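Remarks on the structure that follows.
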Amino acid sequence: MVVVPAVVLLAAAAAVLTALADTAPAREFLAVHSPGAVVRLQAEVSGAPSPYTAAPGPGKQEASHGVAVDLSVSAADGVPGDVALTVFASDPGWAALHDGERLDAVVTMTDTADAARLTARASTPPSSACTEDCESAPRGVLGSVREDLAQIADGYGAVSAGLVPGTTVGDTSRMPDALAQSMKDTGLTHLTAVSGSNCALVMTLTGYAALALRASRRGCLLAGLAALAGFVLLVGPDPSVLRAGVMGALGGLSMLSGRPGVSLNALCAAVTGLVLAAPTLAVDFGFVLSVLATAGIVVSARPVTRILSVRLPTALAVCLAVPLVAQLWCGPVLLLLNPTLPLYSLPANIAASPFVPVVTVAGLLAVCVLLVGRLLTPALHWLLPGTPDDAVFSAWERAASVPVGVASYPARTLGWIADTFAALPGAHVPWPGGVVGVLLLTALTLLALGGVHVLDHRMRRPRPIHGTARTDPAPRPESDAVWRARLSTRRFRRRALAATTALALVMLLVMGILWWLRPAPEWESVVCDVGQGDAVLHRTGEHSAVLVDGGPDPRALHRCLSDAGVTHLDAVVASHNHDDHVAGLDGLSDVVDVDRVWYSTAGDSLPDELAPLADKAVRPQPGERFTSGPLTMEVLAPTPPAPTPTAQSTGQKAHRSKAPSSDAENNASLLLLLTLTGHQGTTTWLTAGDLEADAYRTDTRTLPDHTAPHVDVLKVSHHGARNGGTDIIHDTHPALAVISVGADNSYGHPHPETVAALQEVGAAVARTDQSGALWIRKDGDRVVVSSR
């Protein structure tokens with residue numbers, strides 16, 4: 001009785017001493033640089049930047065957003081040190097950092113910084129601390145393979161670019177925001193978190209490959225362990241990968257020693273060893289979720305499978321049991337991250353389960369090809385002197401594109417599954433927040449799991465066979481006529497139930513087909529529902545239009561073009577170079593014909609998404625007009641900035657600090673006046689991208705009346721954000737204001753001040769987050785808005 005308390009006390013003491021030792025450098029750092037202090041850092045990036053959205057501060061209605069970057073600080077204000085620091089940065093220059101890059105930066109310590117986690121914020125871009133030798137240093141074979149896989153997948157569309165590298169090696173840097181939100185809403189985010197299934201596939205495939213080469217049992221296990229180690233290095237030290245890698249290694253070593261591997265023992269040993277080696281993992285959500293999901297599958301998957309197998313085929317029971325128990329075990333922790341419950345998580349995971357292994361295996365084959373190519377390219381270059389390395393490696397890239405192309409089809413299906421379930425009504429079940437909500441869900445989870453295990457125990461318990469012999473005569477058998485009557489009644493009920501079910505399914509199918517094939521409303525302009533972004537079509541012909549902005553997701557834009565029946569774009573306008581306006585233009589020329597492109601940006605280069613249309617792209621000047629059919633489009637502002645000398649022309653390096661700030665890019669938005677002349681009259685539009693209030697006043701000083709003209713329809717600037725101002729609303733005095741905004745967006749758009757200003761001028765307000773796509777037309781003196 002004394003041993004257990006002694007062990008617990010020793011473990012607690014060791015944990016306290018370890019925590020104090022680990023946080024000693026951070027406490028010394030805070031003693032010198034207190035919260036609110038401005039610090040100049042020399043540091044190295046630890047991991048890729050990850051996007052974040054912070055809740056609105058006191059007295060603010062809009063959330064802040066940017067990227068979070070983990071740094072290993074080597075010096076602060078010139079004083080050497082060694083601490084870990086997380087920077088929350090709003091400047092776009094931080095998003096372009098990569099793992100291992102050295103930099104200099106000026107940051108401000110946050111008020112919440114403590115010894116357990118040093119945090120700072122940055123509003124200015126970092127500058128590279130690399131010399132020429134540093135910048136020319138190779139990224140490493142594994143880093144190059146990850147980048148190669150992402151670039152190849154990018155050629156198969158935005159969905160493939162996000163899901164193929166994400167499912168294979170956990171690289172979600174190119175995941176479209178809309179798809180990431182859909183996967184979060186449907187509980188499919190774990191598909192892009194490399195975990196035990198990926199490690200198991202790597203070890204299994206390598207073991208079978210070694211077995212095919214007639215390797216011994218020990219050789220197959222050693223080959224699998226070596227492949228697992230390489231895969232962990234390729235993916236990086238992600239918490240879930242570390243857990244899966246250590247657990248897999250322990251299982252393989254157990255098999256090498258001739259002992260049967262026990263999953264729960266391996267999990268406990270892996271978790272204990274990792275937490276002792278890195279105590280911070282104990283509070284890492286990714287690690288905790290990985291451990292809980294694995295424990296749930298190990299402990300509860302078999303009982304649930306046995307219960308479901310009573311009524312269902314075993315294969316289907318397994319497909320239901322695994323995501324169900326993982327969701328149950330992880331539910332309370334997930335509630336801390338998202339205060340709602342994903343209602344369709346289970347059916348979405350079941351629908352996705354057949355496609356995930358195909359994407360993963362095909363992606364791993366592509367990784368193997370690229371890895372071999374990277375390793376053999378120097379030797380081939382030696383055999384073919386004078387040939388550029390890129391030319392030698394291109395053959396390997398073409399070979400790797402075959403499995404990536406195969407993976408792209410199930411990847412698109414996964415994206416469709418996520419979008420479909422996320423769009424269903426009631427996708428989020430509200431749940432009490434805070435500690436009360438977590439405790440309530442934990443209690444319900446424990447109750448459900450306890451009931452499952454009790455029921456499974458009773459089912460497996462042998463039934464008693466003892467009893468009492470009866471001496472009275474058996475009941476007389478019933479006549480054949482009675483049996484036939486009962487059988488006829490039973491058959492009639494079954495047939496009636498089958499006919500009713502079939503009729504209901506047919507009616508649902510017919511209603512679904514009619515809903516899917518329903519015609520689009522009459523329209524002159526369509527404000528596409530692209531989530532948190534802008535995309536507006538203005539009709540110029542039966543199947544042609546002018547597109548102003550493209551939203552954040554190509555799939556949403558393509559769906560809008562298809563619904564509107566548009567196959568030809570007379571012009572594409574990119575108001576400014578922000579992802580929520582131009583990312584959806586990626587691959588547009590593969591879907592429709594485009595005649596010309598207008599664009600604006602605070603920088604010097606054309607947005608990357610419009611690179612295939614570079615020969616048709618121009619930066620229009622104020623006063624420039626474009627007319628196509630019933631549409632006339634005029635540029636009111638701004639004047640394009642003079643091009644700056646490039647790094648090549650000046651002989652200097654291009655620094656990341658020269659990237660335009662977010663505000664500067666917003667203020668480079670085109671101010672456009674559009675006039676549509678239809679059968680029912682003329683409709684005037686004013687659109688200004690994400691133009692902010694101060695820049696609007698500057699732009700309108702060049703107009704004849706120093707103000708924007710009155711219009712019928714105003715596309716509200718910056719999705720109704722407060723920094724869009726209200727001057728443009730009072731100047732234009734629109735009859736209709738349209739706000740293109742994502743549902744339940746974390747930015748707080750539209751801002752109450754913007755909505756109040758629209759009410760003051762008597763404008764009708766239509767929002768895509770409330771009504772979906774907005775189909776707008778003129779009907780006499782009225783502007784009519786319809787939803788499909």
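Residue numbering restarts at 1 for every chain of the structure tokens, chains are lettered A, B, ... in their displayed order, and ligands are numbered from 1 as they appear.
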- Task: Just list the residues in stretch 573-635 of chain A DSSP gives strand (DSSP E or B) on the backbone, as a list in words.
- Result: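 Filtering stretch 573-635 of chain A to strand (DSSP E or B) leaves Val573, Ala574, Asp593, Val594, Val597, Trp598, Tyr599, Ala617, Val618, Arg625, Phe626, Thr627, Ser628, Leu631, Thr632, Met633, Glu634 and Val635 of chain A.
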- Query: Residues at most 8 Å from stretch 779-786 of chain A, counting only C-alpha atoms, excluding those fewer than 2 positions away in the same chain, as a VMD selection string?
  - Reply: chain A and resid 521 680 to 681 712 735 to 736 766 774 to 777 788
I need the residues from that last selection saved to file as a JSON list (two decimals), in the first residue's frame (with C-alpha atoms), if you can.
[["chain", "number", "residue", "atom", "x", "y", "z"],
["A", 521, "PRO", "CA", -33.36, 32.44, -61.54],
["A", 680, "GLN", "CA", -36.20, 46.49, -67.68],
["A", 681, "GLY", "CA", -33.89, 49.49, -67.34],
["A", 712, "ASP", "CA", -28.41, 51.25, -57.53],
["A", 735, "ALA", "CA", -30.96, 51.09, -53.09],
["A", 736, "LEU", "CA", -29.39, 47.67, -52.50],
["A", 766, "ALA", "CA", -28.53, 41.08, -49.01],
["A", 774, "LEU", "CA", -27.57, 36.39, -54.79],
["A", 775, "TRP", "CA", -29.23, 36.52, -58.24],
["A", 776, "ILE", "CA", -29.92, 40.19, -59.03],
["A", 777, "ARG", "CA", -31.94, 41.79, -61.85],
["A", 788, "ARG", "CA", -31.73, 29.68, -55.95]]
- Message: Can you pull out the residues contacting stretch 240-242 of chain A? Cut-off 10 Å, using only C-alpha atoms, and skip same-chain residues under 5 positions away; I want them as an NGL selection string.
- Response: :A and (169-170 or 193-196 or 198-199 or 231-233 or 235 or 247-248 or 270-271 or 274 or 281 or 284-291)
- Query: Could you pull the residues within 9 Å of stretch 748-754 of chain A, counting only C-alpha atoms, minus those fewer than 2 positions along the same chain, as a count of residues only?
  - Reply: 24
- Pick from A:Ala89, A:Ala395, A:Ala366, A:Val765: nearest to A:Ala120, with only C-alpha atoms counted?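 Counting only C-alpha atoms, the residue closest to A:Ala120 is A:Ala89.
The residue that comes closest to A:Arg697, out of A:Val246, A:Ala637, A:Leu714, A:Ala84 and on the basis of only C-alpha atoms, is A:Ala637.
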- Using DSSP on the backbone coordinates, identify all residues within stretch 116-351 of chain A classified as alpha helix (DSSP H); present the result as an NGL selection string. :A and (132-136 or 141-154 or 158-169 or 177-185 or 196-212 or 217-235 or 239-256 or 263-277 or 285-308 or 314-337 or 345-351)
- Separation of atom CA of A:Ser525 from atom CA of A:Leu537 in Å: 5.4 Å
Distance table requested - stretch 514-562 of chain A against stretch 401-415 of chain A, cut-off 12 Å, only C-alpha atoms: one row per qualifying residue with the closest atom pair and its distance in Å to one decimal, ordered by chain and rising residue number, as JSON lines.
{"residue": "A:Asp553", "atom": "CA", "partner": "A:Gly415", "partner_atom": "CA", "distance": 11.8}
{"residue": "A:Arg555", "atom": "CA", "partner": "A:Gly415", "partner_atom": "CA", "distance": 9.6}
{"residue": "A:Ala556", "atom": "CA", "partner": "A:Gly415", "partner_atom": "CA", "distance": 11.7}
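The smallest atom-to-atom distance between A:Val582 and any of A:Asp549, A:Asp604, A:Asp563, A:Asp185, using only C-alpha atoms, is found for A:Asp549.
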